[in-house]
$ cat my_file_22.txt   # compact mmCIF, C-alpha atoms
# COMPACT_ATOMS: atom_id res chain seq x y z
CA MET A 1 -8.51 33.25 -4.68
CA GLN A 2 -8.22 33.02 -0.90
CA LYS A 3 -8.57 36.79 -0.62
CA TYR A 4 -12.34 36.32 -0.66
CA ALA A 5 -12.49 33.61 1.95
CA GLY A 6 -12.54 35.81 5.03
CA ASP A 7 -14.97 38.38 3.65
CA GLY A 8 -18.13 36.31 3.79
CA HIS A 9 -17.40 34.95 0.32
CA VAL A 10 -17.84 31.30 -0.52
CA VAL A 11 -14.92 30.76 -2.85
CA ASP A 12 -13.64 27.76 -0.93
CA ARG A 13 -17.10 26.15 -1.17
CA LEU A 14 -17.50 26.79 -4.89
CA PRO A 15 -15.62 23.70 -6.16
CA LEU A 16 -17.79 21.58 -3.83
CA TYR A 17 -20.91 23.37 -5.06
CA HIS A 18 -19.82 22.95 -8.68
CA ASP A 19 -19.14 19.23 -8.14
CA GLY A 20 -22.44 18.62 -6.34
CA GLU A 21 -20.75 17.76 -3.05
CA LEU A 22 -22.75 20.07 -0.75
CA ASP A 23 -25.86 19.10 1.19
CA GLU A 24 -29.08 21.03 0.61
CA GLN A 25 -28.51 23.47 3.45
CA GLN A 26 -24.96 24.33 2.38
CA LYS A 27 -26.09 24.56 -1.22
CA ALA A 28 -28.83 27.04 -0.32
CA ARG A 29 -26.33 29.15 1.63
CA VAL A 30 -23.93 29.26 -1.34
CA GLU A 31 -26.75 30.10 -3.75
CA ALA A 32 -27.98 32.91 -1.51
CA HIS A 33 -24.49 34.39 -1.45
CA LEU A 34 -24.04 33.96 -5.19
CA GLU A 35 -27.10 36.06 -5.91
CA SER A 36 -25.44 39.16 -4.56
CA CYS A 37 -21.74 38.51 -5.18
CA PRO A 38 -20.27 39.15 -8.63
CA ASP A 39 -16.80 37.93 -7.51
CA CYS A 40 -18.08 34.50 -6.51
CA GLN A 41 -20.30 34.35 -9.60
CA ALA A 42 -17.22 34.97 -11.74
CA GLU A 43 -15.30 32.32 -9.84
CA LEU A 44 -18.07 29.77 -10.37
CA GLU A 45 -18.33 30.69 -14.01
CA SER A 46 -14.60 30.12 -14.37
CA LEU A 47 -14.93 26.63 -12.85
CA ARG A 48 -17.81 25.81 -15.19
CA LYS A 49 -15.88 27.10 -18.18
CA LEU A 50 -12.90 24.94 -17.27
CA SER A 51 -15.13 21.85 -17.02
CA GLY A 52 -16.66 22.72 -20.37
CA VAL A 53 -13.27 23.08 -22.02
CA LEU A 54 -12.02 19.82 -20.47
CA ASN A 55 -15.05 17.93 -21.68
CA MET A 56 -14.73 19.43 -25.12
CA ALA A 57 -11.35 17.72 -25.31
CA ARG A 58 -12.76 14.40 -24.10
CA VAL A 59 -11.88 11.83 -26.71
CA PRO A 60 -12.50 8.12 -26.92
CA ALA A 61 -9.31 6.08 -26.78
CA PRO A 62 -8.24 4.74 -30.16
CA VAL A 63 -8.62 1.06 -29.26
CA GLN A 64 -8.89 -2.39 -30.77
CA PRO A 65 -12.35 -3.97 -30.98
CA ALA A 66 -13.83 -4.88 -27.62
CA GLU A 67 -14.44 -8.48 -28.75
CA ALA A 68 -10.70 -9.08 -29.27
CA PHE A 69 -9.93 -7.55 -25.88
CA ALA A 70 -12.54 -9.63 -24.05
CA ALA A 71 -11.28 -12.76 -25.82
CA ARG A 72 -7.71 -12.03 -24.72
CA VAL A 73 -8.73 -11.55 -21.09
CA ARG A 74 -10.85 -14.68 -21.29
CA ALA A 75 -7.92 -16.69 -22.67
CA GLU A 76 -5.71 -15.53 -19.80
CA LEU A 77 -8.32 -16.49 -17.25
CA ALA A 78 -9.29 -19.83 -18.78
CA GLY A 79 -9.02 -22.63 -16.24
CA THR A 80 -8.75 -20.25 -13.27
CA ARG A 81 -11.26 -19.25 -10.62
CA PRO A 82 -11.54 -16.08 -8.52
CA GLN A 83 -9.52 -16.41 -5.35
CA THR A 84 -11.40 -17.15 -2.17
CA GLY A 85 -10.89 -14.95 0.89
CA TRP A 86 -8.40 -17.31 2.54
CA GLN A 87 -6.45 -17.74 -0.71
CA ARG A 88 -6.05 -13.99 -0.91
CA GLY A 89 -4.94 -13.94 2.73
CA LEU A 90 -2.39 -16.66 2.06
CA ARG A 91 -1.10 -14.82 -0.96
CA THR A 92 -0.71 -11.60 1.02
CA ALA A 93 1.10 -13.50 3.78
CA TRP A 94 3.42 -15.05 1.20
CA LYS A 95 4.22 -11.63 -0.25
CA ALA A 96 4.85 -10.21 3.22
CA ALA A 97 6.96 -13.20 4.32
CA PRO A 98 10.42 -11.89 3.33
CA PHE A 99 9.79 -8.55 5.06
CA VAL A 100 8.66 -10.29 8.24
CA TRP A 101 11.59 -12.69 7.93
CA VAL A 102 14.24 -9.97 7.54
CA GLY A 103 12.54 -7.78 10.14
CA THR A 104 12.59 -10.62 12.67
CA TRP A 105 16.24 -11.29 11.96
CA LEU A 106 17.12 -7.62 12.42
CA PHE A 107 15.11 -7.45 15.63
CA ILE A 108 16.80 -10.54 17.07
CA GLN A 109 20.21 -9.18 16.07
CA ALA A 110 19.55 -5.84 17.70
CA VAL A 111 18.18 -7.27 20.94
CA SER A 112 20.78 -9.98 21.29
CA LEU A 113 23.62 -7.60 20.54
CA ALA A 114 22.28 -5.18 23.13
CA ALA A 115 21.97 -8.06 25.60
CA ALA A 116 25.54 -9.20 24.98
CA LEU A 117 26.87 -5.65 25.26
CA LEU A 118 25.07 -5.12 28.54
CA ALA A 119 26.36 -8.40 29.86
CA THR A 120 29.92 -7.54 28.86
CA ALA A 121 29.75 -4.10 30.39
CA GLY A 122 28.39 -5.63 33.62
CA LEU A 123 25.96 -2.82 34.04
CA GLY A 124 24.36 -3.77 37.34
CA GLY A 125 20.58 -3.43 37.11
CA LEU A 126 20.68 -3.13 33.32
CA LEU A 127 22.40 -6.50 33.25
CA ASP A 128 19.17 -8.11 34.38
CA LEU A 129 17.39 -6.76 31.33
CA GLY A 130 20.14 -7.99 29.01
CA ARG A 131 20.30 -11.31 30.83
CA LEU A 132 16.56 -11.85 30.57
CA ALA A 133 16.49 -10.85 26.91
CA GLY A 134 19.47 -13.06 26.17
CA ILE A 135 18.04 -16.02 28.01
CA PHE A 136 14.63 -15.53 26.49
CA LEU A 137 16.06 -15.47 22.99
CA TRP A 138 18.72 -18.15 23.24
CA ARG A 139 17.50 -20.52 25.90
CA SER A 140 14.26 -22.29 26.41
CA LEU A 141 11.29 -20.95 28.35
CA PRO A 142 11.52 -23.69 31.03
CA GLU A 143 15.11 -22.67 31.62
CA LEU A 144 14.07 -19.06 32.02
CA LEU A 145 11.36 -20.09 34.47
CA SER A 146 13.76 -22.24 36.42
CA LEU A 147 16.07 -19.26 36.80
CA PHE A 148 13.21 -17.31 38.28
CA LEU A 149 12.16 -20.17 40.49
CA VAL A 150 15.58 -20.81 42.00
CA ASP A 151 16.39 -17.09 41.89
CA ASP A 152 19.91 -17.99 41.08
CA ALA A 153 21.03 -14.55 39.95
CA LEU A 154 24.66 -15.38 40.48
CA GLY A 155 24.38 -18.43 38.28
CA ALA A 156 22.74 -16.36 35.58
CA ILE A 157 25.49 -13.78 35.66
CA GLU A 158 28.07 -16.54 35.36
CA TRP A 159 26.19 -17.90 32.42
CA LEU A 160 26.52 -14.51 30.80
CA ALA A 161 30.21 -14.17 31.68
CA PRO A 162 31.84 -11.83 29.14
CA ALA A 163 34.15 -14.17 27.22
CA GLY A 164 31.76 -17.09 27.01
CA GLN A 165 28.88 -14.78 26.17
CA TRP A 166 30.56 -13.44 23.06
CA VAL A 167 31.59 -16.87 21.83
CA GLU A 168 28.07 -18.16 22.34
CA PHE A 169 26.60 -15.02 20.80
CA GLY A 170 28.75 -15.47 17.69
CA ALA A 171 27.98 -19.17 17.31
CA ARG A 172 24.25 -18.79 17.80
CA ASN A 173 24.17 -15.75 15.56
CA LEU A 174 25.92 -17.59 12.76
CA GLY A 175 23.54 -20.53 13.02
CA LEU A 176 20.49 -18.30 13.09
CA THR A 177 21.72 -16.22 10.16
CA LEU A 178 22.35 -19.34 8.09
CA VAL A 179 18.89 -20.73 8.80
CA MET A 180 17.16 -17.42 8.06
CA GLY A 181 19.31 -16.83 4.97
CA LEU A 182 18.35 -20.26 3.62
CA GLY A 183 14.70 -19.47 4.24
CA LEU A 184 15.01 -16.18 2.36
CA TRP A 185 16.75 -17.78 -0.58
CA GLY A 186 14.03 -20.41 -0.66
CA TRP A 187 11.43 -17.66 -0.88
CA ILE A 188 13.34 -15.85 -3.65
CA ALA A 189 13.63 -19.11 -5.60
CA SER A 190 9.88 -19.77 -5.29
CA TRP A 191 9.11 -16.19 -6.39
CA TRP A 192 11.41 -16.54 -9.38
CA LEU A 193 9.75 -19.82 -10.38
CA TYR A 194 6.32 -18.24 -9.98
CA GLN A 195 7.26 -15.25 -12.18
CA LYS A 196 8.80 -17.57 -14.79
CA ASN A 197 5.63 -19.63 -14.85
CA GLU A 198 3.47 -16.51 -15.25
CA LYS A 199 5.63 -15.21 -18.12
CA GLN A 200 5.47 -18.59 -19.81
CA LYS A 201 1.68 -18.63 -19.48
CA ARG A 202 1.41 -15.15 -21.03
CA PHE A 203 3.75 -16.07 -23.84
CA VAL A 204 1.66 -19.14 -24.71
CA ILE A 205 -1.57 -17.08 -24.63
CA GLU A 206 -0.10 -14.31 -26.79
CA SER A 207 1.30 -16.84 -29.26
CA GLU A 208 -2.06 -18.57 -29.50
CA GLY A 209 -3.85 -15.22 -29.75
CA MET B 1 -23.38 8.56 -8.19
CA THR B 2 -22.36 5.22 -9.59
CA GLY B 3 -22.18 6.02 -13.26
CA GLN B 4 -22.90 2.36 -13.86
CA LYS B 5 -24.51 1.46 -17.14
CA GLN B 6 -26.31 -1.86 -17.31
CA PRO B 7 -25.28 -4.49 -19.81
CA ALA B 8 -28.09 -5.77 -22.01
CA GLY B 9 -29.83 -8.77 -20.43
CA ARG B 10 -28.52 -9.63 -16.98
CA SER B 11 -27.68 -6.92 -14.45
CA VAL B 12 -24.14 -6.14 -13.33
CA GLU B 13 -24.95 -7.56 -9.88
CA GLU B 14 -26.14 -10.84 -11.39
CA LEU B 15 -23.07 -11.07 -13.60
CA VAL B 16 -20.73 -10.33 -10.70
CA ALA B 17 -22.47 -12.95 -8.54
CA LEU B 18 -22.08 -15.54 -11.29
CA ALA B 19 -18.46 -14.52 -11.91
CA CYS B 20 -17.71 -14.96 -8.19
CA GLN B 21 -18.74 -18.58 -8.61
CA GLY B 22 -16.18 -18.94 -11.41
CA ASP B 23 -18.50 -18.30 -14.37
CA LEU B 24 -16.09 -17.01 -17.00
CA ASN B 25 -18.87 -16.29 -19.49
CA ALA B 26 -20.49 -13.88 -17.05
CA TYR B 27 -17.15 -12.25 -16.35
CA SER B 28 -16.40 -11.92 -20.08
CA GLU B 29 -19.69 -10.10 -20.42
CA LEU B 30 -18.59 -7.67 -17.70
CA VAL B 31 -15.24 -7.20 -19.41
CA TYR B 32 -16.93 -6.57 -22.75
CA HIS B 33 -19.30 -4.09 -21.18
CA PHE B 34 -16.85 -2.03 -19.11
CA ARG B 35 -13.75 -2.30 -21.21
CA ASP B 36 -14.23 0.92 -23.19
CA GLU B 37 -14.77 2.98 -20.05
CA VAL B 38 -11.71 1.55 -18.29
CA VAL B 39 -9.48 1.96 -21.35
CA GLY B 40 -10.83 5.49 -21.84
CA MET B 41 -10.16 6.46 -18.23
CA VAL B 42 -6.52 5.30 -18.38
CA TYR B 43 -6.10 6.85 -21.81
CA ARG B 44 -7.20 10.22 -20.47
CA MET B 45 -4.72 9.79 -17.62
CA THR B 46 -1.77 8.86 -19.84
CA GLY B 47 -2.47 9.80 -23.45
CA ASP B 48 -1.09 6.40 -24.47
CA ALA B 49 -3.58 4.05 -26.15
CA GLN B 50 -1.43 0.92 -25.91
CA PHE B 51 -0.69 1.60 -22.27
CA ALA B 52 -4.40 2.09 -21.64
CA GLU B 53 -5.20 -1.29 -23.22
CA ASP B 54 -2.54 -2.98 -21.12
CA ALA B 55 -3.73 -1.28 -17.94
CA ALA B 56 -7.33 -2.28 -18.62
CA GLN B 57 -6.32 -5.87 -19.29
CA GLU B 58 -4.26 -5.97 -16.10
CA ALA B 59 -7.14 -4.43 -14.16
CA PHE B 60 -9.63 -7.04 -15.40
CA LEU B 61 -7.22 -9.89 -14.64
CA ARG B 62 -6.66 -8.60 -11.12
CA ALA B 63 -10.35 -7.91 -10.65
CA TRP B 64 -11.12 -11.55 -11.48
CA GLN B 65 -8.59 -12.78 -8.95
CA HIS B 66 -9.94 -10.48 -6.26
CA LEU B 67 -13.65 -10.76 -7.00
CA SER B 68 -14.30 -12.07 -3.51
CA GLY B 69 -13.09 -8.68 -2.21
CA TYR B 70 -15.62 -6.72 -4.29
CA ARG B 71 -18.41 -5.11 -2.25
CA PRO B 72 -21.68 -4.91 -4.23
CA GLN B 73 -22.70 -1.64 -2.53
CA TYR B 74 -20.08 0.07 -4.70
CA SER B 75 -20.12 0.36 -8.46
CA PHE B 76 -18.30 -2.47 -10.25
CA ARG B 77 -17.04 0.02 -12.82
CA ASN B 78 -15.51 2.22 -10.10
CA TRP B 79 -13.94 -0.83 -8.48
CA VAL B 80 -12.20 -1.74 -11.75
CA TYR B 81 -11.31 1.94 -12.20
CA SER B 82 -9.65 1.79 -8.82
CA ILE B 83 -7.54 -1.23 -9.79
CA ALA B 84 -6.63 0.30 -13.16
CA ALA B 85 -5.78 3.70 -11.62
CA HIS B 86 -3.57 2.12 -8.96
CA TRP B 87 -1.76 0.04 -11.57
CA THR B 88 -1.35 3.09 -13.80
CA LEU B 89 0.00 5.33 -11.04
CA ASP B 90 2.35 2.56 -9.99
CA GLN B 91 3.66 2.20 -13.55
CA LEU B 92 3.99 5.97 -13.93
CA ARG B 93 6.04 6.12 -10.75
CA ARG B 94 8.32 3.33 -11.97
CA LYS B 95 8.97 4.55 -15.48
CA GLN B 96 8.17 8.23 -15.76
CA PRO B 97 6.94 9.36 -18.14
CA VAL B 98 4.73 7.18 -20.33
CA ASP B 99 6.07 7.49 -23.83
CA THR B 100 3.55 9.87 -25.35
CA ASP B 101 4.10 12.18 -28.24
CA LEU B 102 1.67 14.93 -27.40
CA ASP B 103 1.61 16.20 -30.95
CA ASP B 104 0.42 12.80 -32.15
CA LEU B 105 -2.64 12.76 -29.92
CA PRO B 106 -5.69 12.17 -32.09
CA LEU B 107 -8.36 14.80 -32.29
CA ALA B 108 -11.80 14.14 -30.91
CA SER B 109 -13.16 13.10 -34.23
CA ALA B 110 -11.51 12.11 -37.48
CA ASP B 111 -14.26 13.94 -39.30
CA PRO B 112 -14.54 17.35 -37.65
CA GLY B 113 -17.85 18.26 -39.33
CA PRO B 114 -18.73 21.63 -40.75
CA GLU B 115 -18.85 23.54 -37.48
CA LYS B 116 -15.69 22.05 -36.04
CA THR B 117 -12.84 24.23 -37.17
CA LEU B 118 -9.13 23.62 -37.15
CA GLU B 119 -8.96 26.08 -34.29
CA ALA B 120 -11.22 23.85 -32.20
CA GLY B 121 -8.89 20.95 -32.90
CA GLU B 122 -5.94 23.00 -31.75
CA ILE B 123 -7.73 23.93 -28.55
CA GLU B 124 -8.46 20.26 -27.85
CA ALA B 125 -4.81 19.35 -28.33
CA GLN B 126 -3.79 22.24 -26.08
CA VAL B 127 -6.21 21.16 -23.36
CA ARG B 128 -5.04 17.58 -23.43
CA ARG B 129 -1.42 18.66 -23.40
CA ALA B 130 -2.15 20.76 -20.30
CA VAL B 131 -3.90 17.84 -18.58
CA LEU B 132 -1.03 15.47 -19.35
CA ALA B 133 1.46 18.02 -17.99
CA LEU B 134 -0.13 17.79 -14.52
CA PRO B 135 1.50 15.63 -11.86
CA ALA B 136 0.16 12.06 -12.18
CA ALA B 137 -1.53 12.05 -8.76
CA SER B 138 -3.48 15.26 -9.44
CA ARG B 139 -4.24 14.16 -12.99
CA ALA B 140 -5.78 10.92 -11.73
CA VAL B 141 -8.14 12.83 -9.43
CA LEU B 142 -9.03 15.32 -12.16
CA VAL B 143 -9.75 12.61 -14.73
CA LEU B 144 -11.92 10.63 -12.31
CA ARG B 145 -13.88 13.75 -11.41
CA GLU B 146 -14.16 15.67 -14.67
CA TYR B 147 -14.29 12.86 -17.20
CA GLU B 148 -15.61 9.87 -15.29
CA GLY B 149 -17.97 11.79 -13.00
CA LEU B 150 -16.95 10.11 -9.75
CA SER B 151 -17.89 11.83 -6.51
CA TYR B 152 -15.19 12.88 -4.04
CA ALA B 153 -16.00 9.88 -1.83
CA GLU B 154 -15.77 7.51 -4.79
CA ILE B 155 -12.42 8.99 -5.82
CA SER B 156 -11.22 8.72 -2.25
CA ARG B 157 -12.11 5.01 -2.21
CA ALA B 158 -10.80 4.37 -5.71
CA LEU B 159 -7.39 5.91 -5.11
CA ASP B 160 -7.25 5.04 -1.43
CA ILE B 161 -6.57 8.62 -0.35
CA PRO B 162 -8.35 10.82 2.23
CA LEU B 163 -11.18 13.12 1.13
CA GLY B 164 -9.09 16.18 1.97
CA THR B 165 -6.37 14.97 -0.38
CA VAL B 166 -8.93 14.48 -3.15
CA MET B 167 -10.04 18.09 -2.72
CA SER B 168 -6.56 19.54 -2.52
CA ARG B 169 -5.36 17.59 -5.58
CA LEU B 170 -8.43 18.59 -7.52
CA ASN B 171 -8.03 22.25 -6.55
CA TYR B 172 -4.37 22.11 -7.48
CA ALA B 173 -5.11 20.52 -10.86
CA ARG B 174 -7.81 23.09 -11.60
CA SER B 175 -5.72 26.06 -10.57
CA GLN B 176 -2.83 24.81 -12.73
CA LEU B 177 -5.14 24.31 -15.68
CA ARG B 178 -6.64 27.74 -15.25
CA LYS B 179 -3.15 29.17 -15.49
CA THR B 180 -1.96 27.12 -18.44
CA LEU B 181 -5.26 27.41 -20.30
CA ALA B 182 -5.87 31.07 -19.50
CA GLY B 183 -5.84 31.94 -23.18
CA VAL B 184 -8.41 29.28 -24.05
CA LEU B 185 -10.65 30.12 -21.11
CA GLU B 186 -10.68 33.82 -21.88
CA ALA B 187 -11.43 33.28 -25.56

$ encode --input "my_file_22.txt" --output "structure tokens"
Amino acid sequence: MQKYAGDGHVVDRLPLYHDGELDEQQKARVEAHLESCPDCQAELESLRKLSGVLNMARVPAPVQPAEAFAARVRAELAGTRPQTGWQRGLRTAWKAAPFVWVGTWLFIQAVSLAAALLATAGLGGLLDLGRLAGIFLWRSLPELLSLFLVDDALGAIEWLAPAGQWVEFGARNLGLTLVMGLGLWGWIASWWLYQKNEKQKRFVIESEG
Amino acid sequence: MTGQKQPAGRSVEELVALACQGDLNAYSELVYHFRDEVVGMVYRMTGDAQFAEDAAQEAFLRAWQHLSGYRPQYSFRNWVYSIAAHWTLDQLRRKQPVDTDLDDLPLASADPGPEKTLEAGEIEAQVRRAVLALPAASRAVLVLREYEGLSYAEISRALDIPLGTVMSRLNYARSQLRKTLAGVLEA
């Protein structure tokens, strides 16, 4: 098919022409070319024939009466209202919550581990980065600011002394993991309850239907 | 091109506006009016009547919940098509393929009429078999274009894919069909 494309033919435009997707100017250009090009005429004819054959095989779906369908949908929706914009936003946030939760946990793990490793390795200038990240994550903002204010670099390095750092890292990590794990399980439990409730509702509606 | 038929009495816009305020009667009227088209669209995508009913029901339930997200400048029918098509493609991805016995597909009409020969029936079955053999993503684009008459931009919005992807999937579907249906097309 592409063999025509570079020879002034309009084969690549023909599906657009056939589907009515060209503007008047483009359409006129294609039509002008078609008048003198048997190859493109044949190509267009082939597209039209395919559409004709497809539409010949167009069948209505063998379905139940529309009244029964509408009644079923109505029964499912009885007592509900369309969600407002903020309800939809809340719902989306709730669905995204576990991904954000786990992502945050992974991020904190990665940064804090890197901070602890840098502190242990005592990597000079890099230590500052690790120290700041570690302090920012595990200590309060006022404490971080006070470190800046007093410029007590030595004190900060002592605070991140290798042995103590790892013990503290482990303890804080365990605590954080427990808290985040509990949160995740809470979300899973609420999702399970929600799904159970939805299934129950459908069962009642189908039984009544 | 909206392809939007009007229900008798109130307009689609009026019904949608009422439904947005929680009027279930208005929404039921919309469901009643568009149900055949939505079921038909999914049926042509899957060849499974029960699946098509389920997809349409799911689409109307979701549409109700998300009515506040509907933009009246677009066709309501195409918006529900979009929800149904997404749900269908999602289901097809999860449990390929939909359980369809291609030989059991009904013919276009139970009563073929004098001019409709057995051969015509066989061609129909062959065409539908060829359509159902296409990859689901290309099939969705083809069905929305050829059977439902959506423009490229409407398909792009409905399936949430770029215009270029609509064109390439449509071209792919057509070129595949021209190969598999060569015998029918040359006849």

$ closest_atom_pairs --input "my_file_22.txt" --of "chain B" --to "chain A" --cutoff "8 Å" --atoms "only C-alpha atoms" --output "tab-separated table"
residue	atom	partner	partner_atom	distance
B:Ala19	CA	A:Pro82	CA	7.9
B:Cys20	CA	A:Pro82	CA	6.3
B:Gln21	CA	A:Pro82	CA	7.6
B:Gly22	CA	A:Arg81	CA	5.0
B:Leu24	CA	A:Arg74	CA	7.2
B:Ser28	CA	A:Ala70	CA	6.0
B:Val31	CA	A:Ala70	CA	5.9
B:Tyr32	CA	A:Ala70	CA	5.5
B:Arg35	CA	A:Ala66	CA	6.9
B:Asp36	CA	A:Ala66	CA	7.3
B:Val39	CA	A:Ala61	CA	6.8
B:Gly40	CA	A:Ala61	CA	5.2
B:Tyr43	CA	A:Ala61	CA	6.0
B:Arg44	CA	A:Ala61	CA	7.8
B:Ala49	CA	A:Ala61	CA	6.1
B:Gln50	CA	A:Val63	CA	7.9
B:Glu53	CA	A:Val63	CA	7.3
B:Gln57	CA	A:Val73	CA	6.4
B:Phe60	CA	A:Val73	CA	7.3
B:Leu61	CA	A:Val73	CA	6.8
B:Trp64	CA	A:Pro82	CA	5.4
B:Gln65	CA	A:Pro82	CA	4.4
B:His66	CA	A:Gln83	CA	6.0
B:Leu67	CA	A:Pro82	CA	5.9
B:Ser68	CA	A:Thr84	CA	6.0
B:Gly69	CA	A:Gly85	CA	7.3
B:Leu107	CA	A:Val59	CA	7.2
B:Ala108	CA	A:Val59	CA	4.8
B:Ser109	CA	A:Val59	CA	7.7
B:Ile123	CA	A:Ala57	CA	7.9
B:Glu124	CA	A:Ala57	CA	4.6
B:Ala125	CA	A:Ala57	CA	7.4
B:Val127	CA	A:Ala57	CA	6.5
B:Arg128	CA	A:Ala57	CA	6.6
B:Glu146	CA	A:Ser51	CA	6.7
B:Tyr147	CA	A:Asn55	CA	6.8
B:Ser151	CA	A:Glu21	CA	7.4
B:Tyr152	CA	A:Glu21	CA	7.5
B:Asn171	CA	A:Pro15	CA	7.7
B:Arg174	CA	A:Leu50	CA	7.8
B:Leu177	CA	A:Leu50	CA	7.9
B:Arg178	CA	A:Leu50	CA	7.1
B:Leu185	CA	A:Lys49	CA	6.7

$ atom_distance --input "my_file_22.txt" --atom1 "CA of Ala173 in chain B" --atom2 "CA of Tyr74 in chain B"
26.1 Å

$ atom_distance --input "my_file_22.txt" --atom1 "CA of Gln195 in chain A" --atom2 "CA of Asp23 in chain B"
26.0 Å

$ atom_distance --input "my_file_22.txt" --atom1 "CA of Ala17 in chain B" --atom2 "CA of Tyr70 in chain B"
10.2 Å

$ residues_near_point --input "my_file_22.txt" --point "(0.0, 21.6, -20.7)" --cutoff "10 Å" --atoms "only C-alpha atoms" --output "ChimeraX atom specification"
/B:102,125-134,176-177,179-181

$ residues_around --input "my_file_22.txt" --residues "range 25-41 of chain A" --least-positions-apart "6" --cutoff "8 Å" --atoms "all atoms listed in the file" --output "VMD selection string"
chain A and resid 9 to 11 13 to 14 17

$ decode --input "my_file_22.txt" --residues "range 20-35 of chain A" --atoms "N, CA and C atoms" --output "tab-separated table (two decimals), in the first residue's frame"
chain	number	residue	atom	x	y	z
A	20	GLY	N	-14.54	10.64	6.28
A	20	GLY	CA	-15.01	12.02	6.41
A	20	GLY	C	-14.20	12.84	7.40
A	21	GLU	N	-12.90	12.57	7.47
A	21	GLU	CA	-12.06	13.24	8.46
A	21	GLU	C	-11.21	14.37	7.86
A	22	LEU	N	-11.37	14.63	6.56
A	22	LEU	CA	-10.55	15.67	5.92
A	22	LEU	C	-11.32	16.98	5.85
A	23	ASP	N	-10.59	18.11	5.90
A	23	ASP	CA	-11.28	19.38	5.72
A	23	ASP	C	-11.52	19.59	4.21
A	24	GLU	N	-12.26	20.62	3.88
A	24	GLU	CA	-12.69	20.82	2.49
A	24	GLU	C	-11.51	20.89	1.51
A	25	GLN	N	-10.47	21.59	1.93
A	25	GLN	CA	-9.30	21.77	1.06
A	25	GLN	C	-8.61	20.43	0.78
A	26	GLN	N	-8.40	19.66	1.86
A	26	GLN	CA	-7.75	18.36	1.70
A	26	GLN	C	-8.62	17.42	0.87
A	27	LYS	N	-9.92	17.53	1.12
A	27	LYS	CA	-10.87	16.68	0.41
A	27	LYS	C	-10.81	16.97	-1.10
A	28	ALA	N	-10.76	18.24	-1.43
A	28	ALA	CA	-10.71	18.64	-2.85
A	28	ALA	C	-9.44	18.12	-3.50
A	29	ARG	N	-8.32	18.18	-2.73
A	29	ARG	CA	-7.05	17.71	-3.27
A	29	ARG	C	-7.12	16.20	-3.56
A	30	VAL	N	-7.69	15.45	-2.62
A	30	VAL	CA	-7.81	14.00	-2.80
A	30	VAL	C	-8.71	13.70	-3.99
A	31	GLU	N	-9.81	14.43	-4.08
A	31	GLU	CA	-10.76	14.17	-5.18
A	31	GLU	C	-10.13	14.48	-6.54
A	32	ALA	N	-9.33	15.55	-6.58
A	32	ALA	CA	-8.66	15.90	-7.84
A	32	ALA	C	-7.70	14.78	-8.25
A	33	HIS	N	-7.00	14.24	-7.27
A	33	HIS	CA	-6.06	13.15	-7.58
A	33	HIS	C	-6.83	11.90	-8.01
A	34	LEU	N	-7.92	11.63	-7.32
A	34	LEU	CA	-8.68	10.41	-7.62
A	34	LEU	C	-9.18	10.37	-9.06
A	35	GLU	N	-9.50	11.54	-9.58
A	35	GLU	CA	-10.03	11.61	-10.94
A	35	GLU	C	-9.10	11.00	-11.97
